[in-house]
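Trainee: Sending over model_36.pdb (PDB, C-alpha atoms).
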```pdb
ATOM      1  CA  MET G   1     -33.249   9.788 -77.356
ATOM      2  CA  PRO G   2     -34.345   6.192 -76.818
ATOM      3  CA  LYS G   3     -31.878   3.564 -77.842
ATOM      4  CA  LYS G   4     -32.570   1.756 -81.059
ATOM      5  CA  ARG G   5     -32.771  -1.990 -80.749
ATOM      6  CA  PRO G   6     -30.104  -3.674 -82.842
ATOM      7  CA  GLN G   7     -31.600  -5.383 -85.861
ATOM      8  CA  THR G   8     -30.786  -8.953 -86.756
ATOM      9  CA  LYS G   9     -28.696  -9.042 -89.882
ATOM     10  CA  ALA G  10     -30.215 -10.749 -92.862
ATOM     11  CA  GLY G  11     -28.896 -14.196 -93.460
ATOM     12  CA  LYS G  12     -27.707 -14.682 -89.878
ATOM     13  CA  GLN G  13     -28.598 -18.124 -88.551
ATOM     14  CA  GLN G  14     -31.594 -18.084 -86.219
ATOM     15  CA  LEU G  15     -32.001 -20.643 -83.470
ATOM     16  CA  LYS G  16     -35.302 -22.235 -82.675
ATOM     17  CA  ASP G  17     -36.613 -21.846 -79.129
ATOM     18  CA  ALA G  18     -35.867 -25.462 -78.278
ATOM     19  CA  GLU G  19     -32.242 -25.020 -79.390
ATOM     20  CA  ILE G  20     -31.482 -21.893 -77.354
ATOM     21  CA  PRO G  21     -29.004 -22.714 -74.582
ATOM     22  CA  VAL G  22     -29.238 -21.374 -71.042
ATOM     23  CA  VAL G  23     -26.991 -18.338 -70.623
ATOM     24  CA  GLY G  24     -26.527 -15.570 -68.079
ATOM     25  CA  ALA G  25     -29.336 -13.048 -67.789
ATOM     26  CA  ARG G  26     -27.085 -10.151 -68.859
ATOM     27  CA  GLU G  27     -25.354 -11.977 -71.697
ATOM     28  CA  PRO G  28     -26.391 -11.493 -75.334
ATOM     29  CA  CYS G  29     -29.276 -13.748 -76.301
ATOM     30  CA  PRO G  30     -28.039 -16.624 -78.500
ATOM     31  CA  CYS G  31     -30.915 -16.051 -80.921
ATOM     32  CA  GLY G  32     -28.953 -13.200 -82.514
ATOM     33  CA  SER G  33     -31.363 -10.375 -81.692
ATOM     34  CA  GLY G  34     -28.645  -8.332 -80.012
ATOM     35  CA  ARG G  35     -30.663  -7.969 -76.817
ATOM     36  CA  ARG G  36     -29.720  -9.364 -73.442
ATOM     37  CA  TYR G  37     -31.025 -12.839 -72.724
ATOM     38  CA  LYS G  38     -33.267 -11.632 -69.868
ATOM     39  CA  ALA G  39     -34.993  -9.162 -72.216
ATOM     40  CA  CYS G  40     -35.402 -11.653 -75.058
ATOM     41  CA  HIS G  41     -35.920 -15.418 -74.852
ATOM     42  CA  GLY G  42     -35.120 -15.391 -71.133
ATOM     43  CA  ARG G  43     -38.255 -13.361 -70.469
ATOM     44  CA  ALA G  44     -40.625 -16.138 -71.514
ATOM     45  CA  ALA G  45     -38.608 -18.751 -69.637
ATOM     46  CA  ALA G  46     -38.621 -16.695 -66.439
ATOM     47  CA  GLN G  47     -42.323 -15.974 -66.760
ATOM     48  CA  ALA G  48     -43.126 -19.662 -67.185
ATOM     49  CA  VAL G  49     -41.187 -20.501 -64.032
ATOM     50  CA  THR G  50     -42.375 -17.697 -61.764
ATOM     51  CA  GLU G  51     -46.065 -17.356 -62.637
ATOM     52  CA  LEU G  52     -47.920 -19.742 -60.361
ATOM     53  CA  VAL G  53     -51.293 -21.015 -61.527
ATOM     54  CA  GLN G  54     -53.283 -21.258 -58.308
ATOM     55  CA  ARG G  55     -55.820 -23.810 -59.583
ATOM     56  CA  PRO G  56     -54.052 -25.859 -62.263
ATOM     57  CA  PHE G  57     -56.833 -28.466 -62.449
ATOM     58  CA  GLU G  58     -59.734 -26.015 -62.697
ATOM     59  CA  GLY G  59     -62.045 -26.979 -65.546
ATOM     60  CA  LEU G  60     -61.111 -30.656 -65.462
ATOM     61  CA  ALA G  61     -63.635 -33.280 -64.433
ATOM     62  CA  GLY G  62     -62.969 -34.296 -60.834
ATOM     63  CA  GLU G  63     -60.821 -31.288 -59.901
ATOM     64  CA  CYS G  64     -61.003 -32.184 -56.202
ATOM     65  CA  ASP G  65     -59.804 -35.729 -56.862
ATOM     66  CA  TRP G  66     -56.939 -34.427 -59.014
ATOM     67  CA  VAL G  67     -55.814 -32.374 -56.011
ATOM     68  CA  ALA G  68     -56.169 -35.370 -53.696
ATOM     69  CA  LEU G  69     -54.156 -37.661 -55.956
ATOM     70  CA  ARG G  70     -51.469 -35.008 -56.271
ATOM     71  CA  GLU G  71     -51.137 -34.277 -52.532
ATOM     72  CA  LEU G  72     -52.800 -36.937 -50.372
ATOM     73  CA  VAL G  73     -52.955 -40.392 -51.913
ATOM     74  CA  PRO G  74     -49.886 -42.653 -52.151
ATOM     75  CA  ALA G  75     -51.099 -45.180 -54.714
ATOM     76  CA  ALA G  76     -53.953 -44.532 -57.127
ATOM     77  CA  THR G  77     -54.779 -44.551 -60.820
ATOM     78  CA  ALA G  78     -57.460 -43.044 -63.050
ATOM     79  CA  GLU G  79     -58.211 -43.622 -66.713
ATOM     80  CA  LEU G  80     -57.934 -40.471 -68.833
ATOM     81  CA  THR G  81     -60.026 -39.697 -71.914
ATOM     82  CA  LEU G  82     -58.373 -37.629 -74.633
ATOM     83  CA  LYS G  83     -60.198 -35.192 -76.866
ATOM     84  CA  GLY G  84     -60.602 -36.851 -80.235
ATOM     85  CA  GLY G  85     -59.885 -40.314 -78.872
ATOM     86  CA  LEU G  86     -56.703 -42.326 -78.467
ATOM     87  CA  PRO G  87     -53.943 -42.203 -81.098
ATOM     88  CA  GLU G  88     -53.238 -45.329 -83.089
ATOM     89  CA  GLY G  89     -51.122 -47.764 -81.114
ATOM     90  CA  VAL G  90     -52.098 -46.327 -77.714
ATOM     91  CA  PRO G  91     -54.695 -48.615 -76.102
ATOM     92  CA  SER G  92     -55.082 -46.508 -72.943
ATOM     93  CA  VAL G  93     -53.835 -43.483 -71.013
ATOM     94  CA  THR G  94     -53.759 -43.807 -67.230
ATOM     95  CA  LEU G  95     -52.969 -41.221 -64.592
ATOM     96  CA  ALA G  96     -50.885 -42.609 -61.710
ATOM     97  CA  THR G  97     -49.858 -40.970 -58.473
ATOM     98  CA  VAL G  98     -46.212 -42.019 -58.876
ATOM     99  CA  LEU G  99     -44.137 -44.251 -61.147
ATOM    100  CA  PRO G 100     -40.927 -46.234 -60.585
ATOM    101  CA  MET G 101     -37.704 -44.199 -60.534
ATOM    102  CA  ALA G 102     -39.866 -41.040 -60.285
ATOM    103  CA  TRP G 103     -40.426 -41.161 -64.049
ATOM    104  CA  PRO G 104     -42.768 -38.395 -65.255
ATOM    105  CA  ALA G 105     -44.393 -40.880 -67.643
ATOM    106  CA  LEU G 106     -43.958 -44.328 -69.134
ATOM    107  CA  ARG G 107     -44.907 -45.816 -72.498
ATOM    108  CA  ARG G 108     -45.380 -49.514 -71.868
ATOM    109  CA  GLU G 109     -44.446 -52.295 -74.257
ATOM    110  CA  ASP G 110     -48.074 -52.624 -75.364
ATOM    111  CA  GLY G 111     -48.189 -48.909 -76.212
ATOM    112  CA  SER G 112     -50.284 -47.831 -73.221
ATOM    113  CA  VAL G 113     -49.258 -44.685 -71.359
ATOM    114  CA  LEU G 114     -48.872 -44.061 -67.630
ATOM    115  CA  LEU G 115     -48.671 -40.395 -66.576
ATOM    116  CA  ALA G 116     -47.300 -39.601 -63.092
ATOM    117  CA  LEU G 117     -48.947 -36.819 -61.092
ATOM    118  CA  GLN G 118     -46.712 -36.336 -58.045
ATOM    119  CA  ASN G 119     -43.436 -35.489 -59.786
ATOM    120  CA  ASP G 120     -41.616 -32.185 -59.372
ATOM    121  CA  THR G 121     -42.327 -29.809 -62.246
ATOM    122  CA  SER G 122     -40.358 -27.026 -63.899
ATOM    123  CA  SER G 123     -42.918 -24.241 -64.204
ATOM    124  CA  GLY G 124     -45.639 -22.602 -62.172
ATOM    125  CA  ASP G 125     -48.373 -24.310 -64.183
ATOM    126  CA  LEU G 126     -48.688 -27.951 -63.218
ATOM    127  CA  SER G 127     -51.323 -28.502 -65.884
ATOM    128  CA  ARG G 128     -48.969 -27.332 -68.638
ATOM    129  CA  ASP G 129     -46.123 -29.477 -67.308
ATOM    130  CA  LEU G 130     -48.303 -32.581 -67.264
ATOM    131  CA  ALA G 131     -49.704 -31.880 -70.726
ATOM    132  CA  ASP G 132     -46.197 -31.602 -72.155
ATOM    133  CA  THR G 133     -45.202 -34.896 -70.538
ATOM    134  CA  LEU G 134     -48.368 -36.569 -71.803
ATOM    135  CA  GLN G 135     -47.795 -35.434 -75.379
ATOM    136  CA  ARG G 136     -44.234 -36.736 -75.343
ATOM    137  CA  ALA G 137     -45.365 -40.037 -73.816
ATOM    138  CA  LEU G 138     -47.904 -40.541 -76.598
ATOM    139  CA  GLU G 139     -45.068 -40.234 -79.131
ATOM    140  CA  ALA G 140     -42.431 -42.189 -77.189
ATOM    141  CA  GLU G 141     -41.195 -45.595 -78.273
ATOM    142  CA  PRO G 142     -43.050 -48.450 -76.541
ATOM    143  CA  GLY G 143     -41.144 -49.713 -73.532
ATOM    144  CA  SER G 144     -39.489 -46.382 -72.699
ATOM    145  CA  PRO G 145     -39.880 -43.800 -69.911
ATOM    146  CA  VAL G 146     -40.249 -40.069 -70.520
ATOM    147  CA  ALA G 147     -37.691 -37.740 -68.940
ATOM    148  CA  ALA G 148     -38.420 -34.397 -67.303
ATOM    149  CA  ARG G 149     -37.701 -31.161 -69.143
ATOM    150  CA  ARG G 150     -38.488 -27.449 -69.069
ATOM    151  CA  VAL G 151     -41.783 -26.989 -70.868
ATOM    152  CA  PRO G 152     -42.502 -24.357 -73.534
ATOM    153  CA  ALA G 153     -44.245 -21.318 -72.074
ATOM    154  CA  ASP G 154     -46.949 -21.443 -74.745
ATOM    155  CA  GLY G 155     -47.547 -25.197 -74.737
ATOM    156  CA  PRO G 156     -50.974 -26.802 -74.261
ATOM    157  CA  ARG G 157     -52.487 -27.557 -70.864
ATOM    158  CA  LEU G 158     -54.338 -30.657 -69.704
ATOM    159  CA  GLN G 159     -57.581 -28.773 -70.297
ATOM    160  CA  ASP G 160     -56.633 -28.631 -73.995
ATOM    161  CA  LEU G 161     -55.935 -32.365 -74.247
ATOM    162  CA  LEU G 162     -58.483 -34.083 -72.000
ATOM    163  CA  ASP G 163     -62.217 -34.516 -72.531
ATOM    164  CA  ALA G 164     -63.785 -32.419 -69.763
ATOM    165  CA  GLY G 165     -67.072 -34.278 -70.162
ATOM    166  CA  ALA G 166     -65.608 -37.708 -69.483
ATOM    167  CA  PRO G 167     -65.831 -39.080 -65.931
ATOM    168  CA  PHE G 168     -62.767 -39.017 -63.699
ATOM    169  CA  ALA G 169     -62.920 -42.061 -61.431
ATOM    170  CA  PRO G 170     -59.859 -42.619 -59.228
ATOM    171  CA  VAL G 171     -59.051 -46.125 -58.059
ATOM    172  CA  VAL G 172     -57.104 -46.173 -54.797
ATOM    173  CA  HIS G 173     -54.714 -49.112 -54.481
ATOM    174  CA  SER G 174     -53.263 -50.726 -51.382
ATOM    175  CA  GLY G 175     -49.875 -50.877 -53.107
ATOM    176  CA  PHE G 176     -47.984 -50.200 -56.307
ATOM    177  CA  GLU G 177     -48.631 -53.443 -58.152
ATOM    178  CA  PHE G 178     -50.131 -51.381 -60.969
ATOM    179  CA  TRP G 179     -46.537 -50.529 -61.912
ATOM    180  CA  VAL G 180     -46.109 -54.066 -63.235
ATOM    181  CA  PRO G 181     -48.537 -55.566 -65.797
ATOM    182  CA  ASP G 182     -48.143 -59.058 -64.296
ATOM    183  CA  ALA G 183     -47.152 -58.455 -60.680
ATOM    184  CA  GLU G 184     -47.983 -62.015 -59.595
ATOM    185  CA  ASN G 185     -45.288 -63.423 -61.876
ATOM    186  CA  ALA G 186     -42.706 -60.686 -61.301
ATOM    187  CA  THR G 187     -39.071 -61.501 -60.617
ATOM    188  CA  ALA G 188     -37.779 -61.641 -57.061
ATOM    189  CA  GLU G 189     -36.015 -58.297 -57.526
ATOM    190  CA  VAL G 190     -39.172 -56.574 -58.754
ATOM    191  CA  THR G 191     -41.225 -58.168 -55.989
ATOM    192  CA  ALA G 192     -38.784 -56.922 -53.356
ATOM    193  CA  SER G 193     -38.902 -53.422 -54.838
ATOM    194  CA  LEU G 194     -42.700 -53.427 -54.741
ATOM    195  CA  GLU G 195     -42.705 -54.603 -51.137
ATOM    196  CA  ARG G 196     -40.429 -51.736 -50.103
ATOM    197  CA  ALA G 197     -42.653 -49.207 -51.867
ATOM    198  CA  ASN G 198     -45.810 -50.724 -50.394
ATOM    199  CA  ASP G 199     -44.395 -50.630 -46.863
ATOM    200  CA  ALA G 200     -43.926 -46.859 -47.146
ATOM    201  CA  ALA G 201     -47.484 -46.181 -48.356
ATOM    202  CA  ILE G 202     -50.057 -44.891 -45.863
ATOM    203  CA  PRO G 203     -53.252 -46.996 -46.087
ATOM    204  CA  THR G 204     -55.837 -44.784 -47.798
ATOM    205  CA  VAL G 205     -59.469 -45.291 -48.832
ATOM    206  CA  LEU G 206     -61.745 -43.098 -50.959
ATOM    207  CA  LEU G 207     -65.185 -42.805 -49.369
ATOM    208  CA  SER G 208     -68.016 -43.830 -51.678
ATOM    209  CA  GLY G 209     -70.866 -41.725 -50.278
ATOM    210  CA  VAL G 210     -69.344 -38.250 -50.708
ATOM    211  CA  ASP G 211     -66.980 -36.696 -53.227
ATOM    212  CA  ALA G 212     -63.198 -36.469 -52.780
ATOM    213  CA  ALA G 213     -63.061 -37.528 -49.108
ATOM    214  CA  TYR G 214     -60.100 -39.764 -48.270
ATOM    215  CA  TRP G 215     -59.710 -41.769 -45.069
ATOM    216  CA  CYS G 216     -56.179 -42.680 -44.048
ATOM    217  CA  GLU G 217     -54.590 -44.711 -41.273
ATOM    218  CA  THR G 218     -51.564 -43.581 -39.289
ATOM    219  CA  PRO G 219     -49.913 -45.211 -36.259
ATOM    220  CA  GLU G 220     -51.420 -42.895 -33.626
ATOM    221  CA  LYS G 221     -54.814 -42.011 -35.109
ATOM    222  CA  ASN G 222     -56.769 -42.053 -38.331
ATOM    223  CA  HIS G 223     -57.766 -39.029 -40.398
ATOM    224  CA  LEU G 224     -60.315 -37.914 -42.947
ATOM    225  CA  ARG G 225     -59.030 -35.402 -45.499
ATOM    226  CA  TRP G 226     -61.762 -33.959 -47.676
ATOM    227  CA  VAL G 227     -61.002 -31.812 -50.734
ATOM    228  CA  MET G 228     -63.859 -29.353 -51.243
ATOM    229  CA  PRO G 229     -64.714 -27.264 -54.326
ATOM    230  CA  TYR G 230     -66.203 -24.239 -52.553
ATOM    231  CA  ALA G 231     -64.749 -20.737 -52.424
ATOM    232  CA  GLU G 232     -62.455 -20.420 -49.420
ATOM    233  CA  GLU G 233     -64.224 -17.537 -47.651
ATOM    234  CA  GLN G 234     -67.634 -19.136 -48.099
ATOM    235  CA  LEU G 235     -66.385 -22.494 -46.839
ATOM    236  CA  LEU G 236     -64.652 -20.971 -43.812
ATOM    237  CA  ASP G 237     -67.865 -19.184 -42.853
ATOM    238  CA  ALA G 238     -69.858 -22.404 -43.192
ATOM    239  CA  LEU G 239     -67.368 -24.433 -41.163
ATOM    240  CA  ALA G 240     -67.330 -21.722 -38.497
ATOM    241  CA  ARG G 241     -71.132 -21.860 -38.209
ATOM    242  CA  LEU G 242     -71.014 -25.624 -37.771
ATOM    243  CA  HIS G 243     -68.064 -25.517 -35.375
ATOM    244  CA  ALA G 244     -69.715 -22.924 -33.140
ATOM    245  CA  ALA G 245     -72.905 -25.003 -33.078
ATOM    246  CA  GLY G 246     -71.012 -28.179 -32.166
ATOM    247  CA  ASP G 247     -71.866 -29.764 -35.521
ATOM    248  CA  SER G 248     -68.426 -29.928 -37.136
ATOM    249  CA  SER G 249     -67.385 -33.371 -35.897
ATOM    250  CA  LEU G 250     -68.013 -36.752 -37.492
ATOM    251  CA  GLY G 251     -69.158 -38.398 -34.290
ATOM    252  CA  GLU G 252     -67.811 -39.322 -30.886
ATOM    253  CA  GLY G 253     -64.054 -39.099 -30.586
ATOM    254  CA  THR G 254     -63.657 -37.166 -33.855
ATOM    255  CA  ARG G 255     -62.618 -33.553 -34.276
ATOM    256  CA  LEU G 256     -62.253 -31.026 -37.076
ATOM    257  CA  VAL G 257     -58.649 -29.999 -36.457
ATOM    258  CA  GLY G 258     -58.124 -27.520 -39.276
ATOM    259  CA  SER G 259     -57.541 -27.406 -42.998
ATOM    260  CA  PHE G 260     -54.923 -26.783 -45.627
ATOM    261  CA  ARG G 261     -54.893 -25.225 -49.064
ATOM    262  CA  ALA G 262     -53.773 -27.238 -52.046
ATOM    263  CA  HIS G 263     -53.842 -26.037 -55.654
ATOM    264  CA  GLY G 264     -56.438 -23.386 -54.914
ATOM    265  CA  LEU G 265     -58.845 -25.586 -52.945
ATOM    266  CA  MET G 266     -59.431 -26.092 -49.231
ATOM    267  CA  VAL G 267     -59.003 -29.476 -47.562
ATOM    268  CA  PRO G 268     -60.614 -29.769 -44.104
ATOM    269  CA  VAL G 269     -59.032 -32.447 -41.902
ATOM    270  CA  TRP G 270     -60.590 -34.483 -39.103
ATOM    271  CA  ASP G 271     -58.844 -36.553 -36.456
ATOM    272  CA  LEU G 272     -60.495 -39.942 -36.010
ATOM    273  CA  PRO G 273     -60.103 -42.676 -33.393
ATOM    274  CA  SER G 274     -57.808 -45.512 -34.435
ATOM    275  CA  ALA G 275     -60.766 -47.891 -34.302
ATOM    276  CA  MET G 276     -62.772 -45.826 -36.813
ATOM    277  CA  GLY G 277     -62.249 -47.291 -40.257
ATOM    278  CA  ALA G 278     -63.310 -45.992 -43.640
ATOM    279  CA  GLU G 279     -66.662 -47.791 -43.564
ATOM    280  CA  GLU G 280     -67.511 -46.204 -40.224
ATOM    281  CA  CYS G 281     -66.892 -42.773 -41.789
ATOM    282  CA  GLU G 282     -69.456 -43.145 -44.553
ATOM    283  CA  LYS G 283     -72.667 -42.260 -42.689
ATOM    284  CA  PRO G 284     -71.166 -39.462 -40.546
ATOM    285  CA  ALA G 285     -69.545 -37.927 -43.640
ATOM    286  CA  ALA G 286     -72.826 -38.023 -45.572
ATOM    287  CA  ALA G 287     -74.628 -36.397 -42.639
ATOM    288  CA  PHE G 288     -71.934 -33.725 -42.380
ATOM    289  CA  ALA G 289     -72.270 -33.003 -46.109
ATOM    290  CA  GLU G 290     -75.965 -32.227 -45.565
ATOM    291  CA  ARG G 291     -75.191 -29.917 -42.638
ATOM    292  CA  LEU G 292     -72.498 -28.201 -44.668
ATOM    293  CA  THR G 293     -74.880 -27.604 -47.585
ATOM    294  CA  THR G 294     -77.276 -25.842 -45.218
ATOM    295  CA  ALA G 295     -74.483 -23.765 -43.684
ATOM    296  CA  LEU G 296     -73.149 -22.776 -47.106
ATOM    297  CA  ALA G 297     -76.584 -21.475 -48.082
ATOM    298  CA  SER G 298     -76.755 -19.074 -45.124
ATOM    299  CA  ASP G 299     -75.916 -15.434 -45.786
ATOM    300  CA  ALA G 300     -76.524 -14.200 -42.239
ATOM    301  CA  PRO G 301     -73.646 -12.308 -40.596
ATOM    302  CA  LEU G 302     -71.474 -14.458 -38.336
ATOM    303  CA  THR G 303     -72.168 -14.201 -34.631
ATOM    304  CA  ALA G 304     -69.394 -13.369 -32.180
ATOM    305  CA  GLU G 305     -69.001 -17.051 -31.331
ATOM    306  CA  GLU G 306     -68.903 -17.997 -35.009
ATOM    307  CA  ARG G 307     -66.264 -15.340 -35.682
ATOM    308  CA  ARG G 308     -64.115 -16.797 -32.904
ATOM    309  CA  ALA G 309     -64.562 -20.261 -34.391
ATOM    310  CA  ARG G 310     -63.589 -18.917 -37.809
ATOM    311  CA  GLY G 311     -60.477 -17.305 -36.377
ATOM    312  CA  GLY G 312     -59.459 -20.599 -34.827
ATOM    313  CA  LEU G 313     -59.932 -22.440 -38.119
ATOM    314  CA  THR G 314     -57.962 -19.798 -40.003
ATOM    315  CA  ASN G 315     -55.082 -19.988 -37.527
ATOM    316  CA  ARG G 316     -54.849 -23.730 -38.092
ATOM    317  CA  GLN G 317     -54.736 -23.417 -41.866
ATOM    318  CA  VAL G 318     -51.645 -24.479 -43.812
ATOM    319  CA  THR G 319     -50.822 -23.988 -47.497
ATOM    320  CA  LEU G 320     -49.288 -27.019 -49.216
ATOM    321  CA  SER G 321     -49.123 -25.722 -52.778
TER
END
```
Could the structure of this file be written out as structure tokens, please?

Mentor:
Amino acid sequence: MPKKRPQTKAGKQQLKDAEIPVVGAREPCPCGSGRRYKACHGRAAAQAVTELVQRPFEGLAGECDWVALRELVPAATAELTLKGGLPEGVPSVTLATVLPMAWPALRREDGSVLLALQNDTSSGDLSRDLADTLQRALEAEPGSPVAARRVPADGPRLQDLLDAGAPFAPVVHSGFEFWVPDAENATAEVTASLERANDAAIPTVLLSGVDAAYWCETPEKNHLRWVMPYAEEQLLDALARLHAAGDSSLGEGTRLVGSFRAHGLMVPVWDLPSAMGAEECEKPAAAFAERLTTALASDAPLTAEERRARGGLTNRQVTLS
């Protein structure tokens, strides 16, 4: 006969989810149900940690730029628009790549909120983690940071809090002066801290003529990293067609070297000569975008040469997240 689950006795104190301590998986659940923790409240906690959401920013305006700011860009900000408008006492909500001391969020003295994107998170759903941090930041006392915590498994996601119809316009900065409201008049200690952070940042520029393409400068060569919204198999086929035809570069001295996956999207990467700056990338990138659109529209089977090119691109693919 199947075992009967022990029933909670009437009048026994029940703990709320937020009050339940972490215990061993085989120990009795502190909620008083009589079941083991792993079969009771531990189940939801484990599920929240282990279930990875492949595209956490899907459905948000500017999904490709969200991915870029999470994985590629050292210093950038973007104004966020909340559904229903800003709460009283909160003049603005700004997404930032990183914040001082790796804070998940900060409520400034004037009530404005900064939400950090590149922090480590506790669950497999980055969108849910960020939404939880944002909600707590909106309610935090002005002038205080928001600490990290394990998020509720059934909490809201960014898609529930942000206006999907509002534009998402990242601003890439040369440094982290946006951390300080009045950086020009900062103390010597703060100025020194900013200088150290700025020295570690890779110079990065968002191209203006195409979407979500970011030029960056490194000591040996420059690169263009372009987050694309297309389905992976379709994009690989299109890139293979262009590569086999000799049309995958961005001009003399440039080369499509591969791609990586990040948050469910593909990011092709080009090596560029050190002398090729962001402005020099604009026209070649726009021309490549036109060639790519044509290649994406083709449904013809890949030729033998195109299949070889596709295999080479696949072998040079790396998954970041």

Trainee: Near region 61-70 of chain G, counting all atoms listed in the file, which residues have an atom at most 6 Å away, once you skip same-chain residues fewer than 3 positions from it, shown as a VMD selection string?

Mentor: chain G and resid 57 73 97 117 to 118 164 168 212 227

Trainee: Can those selected residues be exported to a file as a PDB file, in the frame of the given file so that it contains C-alpha atoms?

Mentor:
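Heads up, here's the output in result_35.pdb:
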```pdb
ATOM      1  CA  PHE G  57     -56.833 -28.466 -62.449  1.00  0.00           C
ATOM      2  CA  VAL G  73     -52.955 -40.392 -51.913  1.00  0.00           C
ATOM      3  CA  THR G  97     -49.858 -40.970 -58.473  1.00  0.00           C
ATOM      4  CA  LEU G 117     -48.947 -36.819 -61.092  1.00  0.00           C
ATOM      5  CA  GLN G 118     -46.712 -36.336 -58.045  1.00  0.00           C
ATOM      6  CA  ALA G 164     -63.785 -32.419 -69.763  1.00  0.00           C
ATOM      7  CA  PHE G 168     -62.767 -39.017 -63.699  1.00  0.00           C
ATOM      8  CA  ALA G 212     -63.198 -36.469 -52.780  1.00  0.00           C
ATOM      9  CA  VAL G 227     -61.002 -31.812 -50.734  1.00  0.00           C
TER      10      VAL G 227
END
```

Trainee: Could you give me, as a list in words, the residues within 8 Å of His263 (chain G), counting all atoms listed in the file and dropping anything in the same chain fewer than 2 positions from it?

Mentor: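 Once the nearby chain positions are removed, what remains is Gln54, Arg55, Pro56, Phe57, Val67, Arg261, Leu265, Leu320 and Ser321 of chain G.
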
Trainee: Considering all atoms listed in the file, return as a list in words whatever protein or nucleic-acid residues lie within 10 Å of Pro74 (chain G), sequence-local ones (same chain, fewer than 6 positions apart) excluded.

Mentor: Ala68, Ala96, Thr97, Val98, Gln118, Val172, His173, Ser174, Gly175, Phe176, Ala197, Asn198, Ala200, Ala201, Ile202, Pro203 and Thr204 of chain G

Trainee: Residues picked by the PyMOL selection byres ((chain G and resi 239) around 9) here, as JSON, numbers by chain?

Mentor: {"G": [234, 235, 236, 237, 238, 240, 241, 242, 243, 244, 247, 248, 292, 295, 296, 309, 310, 313]}

Trainee: Counting all atoms listed in the file, what is within 9 Å of Ala102 (chain G), bar same-chain residues fewer than 2 positions away, as a list in words?

Mentor: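 Residues near the query, excluding close chain neighbours: Val98, Leu99, Pro100, Pro104, Ala105, Ala116, Gln118 and Asn119 of chain G.
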
Trainee: How far is it from CA of Leu134 (chain G) to CA of Glu71 (chain G), in Å with one decimal?

Mentor: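 Atom-to-atom, CA of Leu134 (chain G) to CA of Glu71 (chain G), that is 19.6 Å.
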
Trainee: Selection in question (the file shown): the PyMOL selection byres ((chain G and resi 259) around 6). Which residues does it include, as a list in words?

Mentor: Gly258, Phe260, Val267, Pro268, Val269 and Gln317 of chain G

Trainee: To one decimal in Å, tell me the separation between CA of Val146 (chain G) and CA of Ala183 (chain G).

Mentor: 22.0 Å

Trainee: Counting all atoms listed in the file, which residue out of G:Arg128, G:Thr314, G:Pro219, G:Pro284 sits closest to Ser249 (chain G)?

Mentor: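 Closest to Ser249 (chain G), using all atoms listed in the file: G:Pro284.
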
Trainee: Could you pull the residues within 8 Å of Pro156 (chain G), counting only C-alpha atoms, minus those fewer than 3 positions along the same chain, as number ranges by chain?

Mentor: G: 128, 131-132, 159-161

Trainee: Please dump the current selection as a PDB file, keeping the file's coordinate frame; keep C-alpha atoms.

Mentor:
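After the write, selection_19.pdb holds the following:
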```pdb
ATOM      1  CA  ARG G 128     -48.969 -27.332 -68.638  1.00  0.00           C
ATOM      2  CA  ALA G 131     -49.704 -31.880 -70.726  1.00  0.00           C
ATOM      3  CA  ASP G 132     -46.197 -31.602 -72.155  1.00  0.00           C
ATOM      4  CA  GLN G 159     -57.581 -28.773 -70.297  1.00  0.00           C
ATOM      5  CA  ASP G 160     -56.633 -28.631 -73.995  1.00  0.00           C
ATOM      6  CA  LEU G 161     -55.935 -32.365 -74.247  1.00  0.00           C
TER       7      LEU G 161
END
```
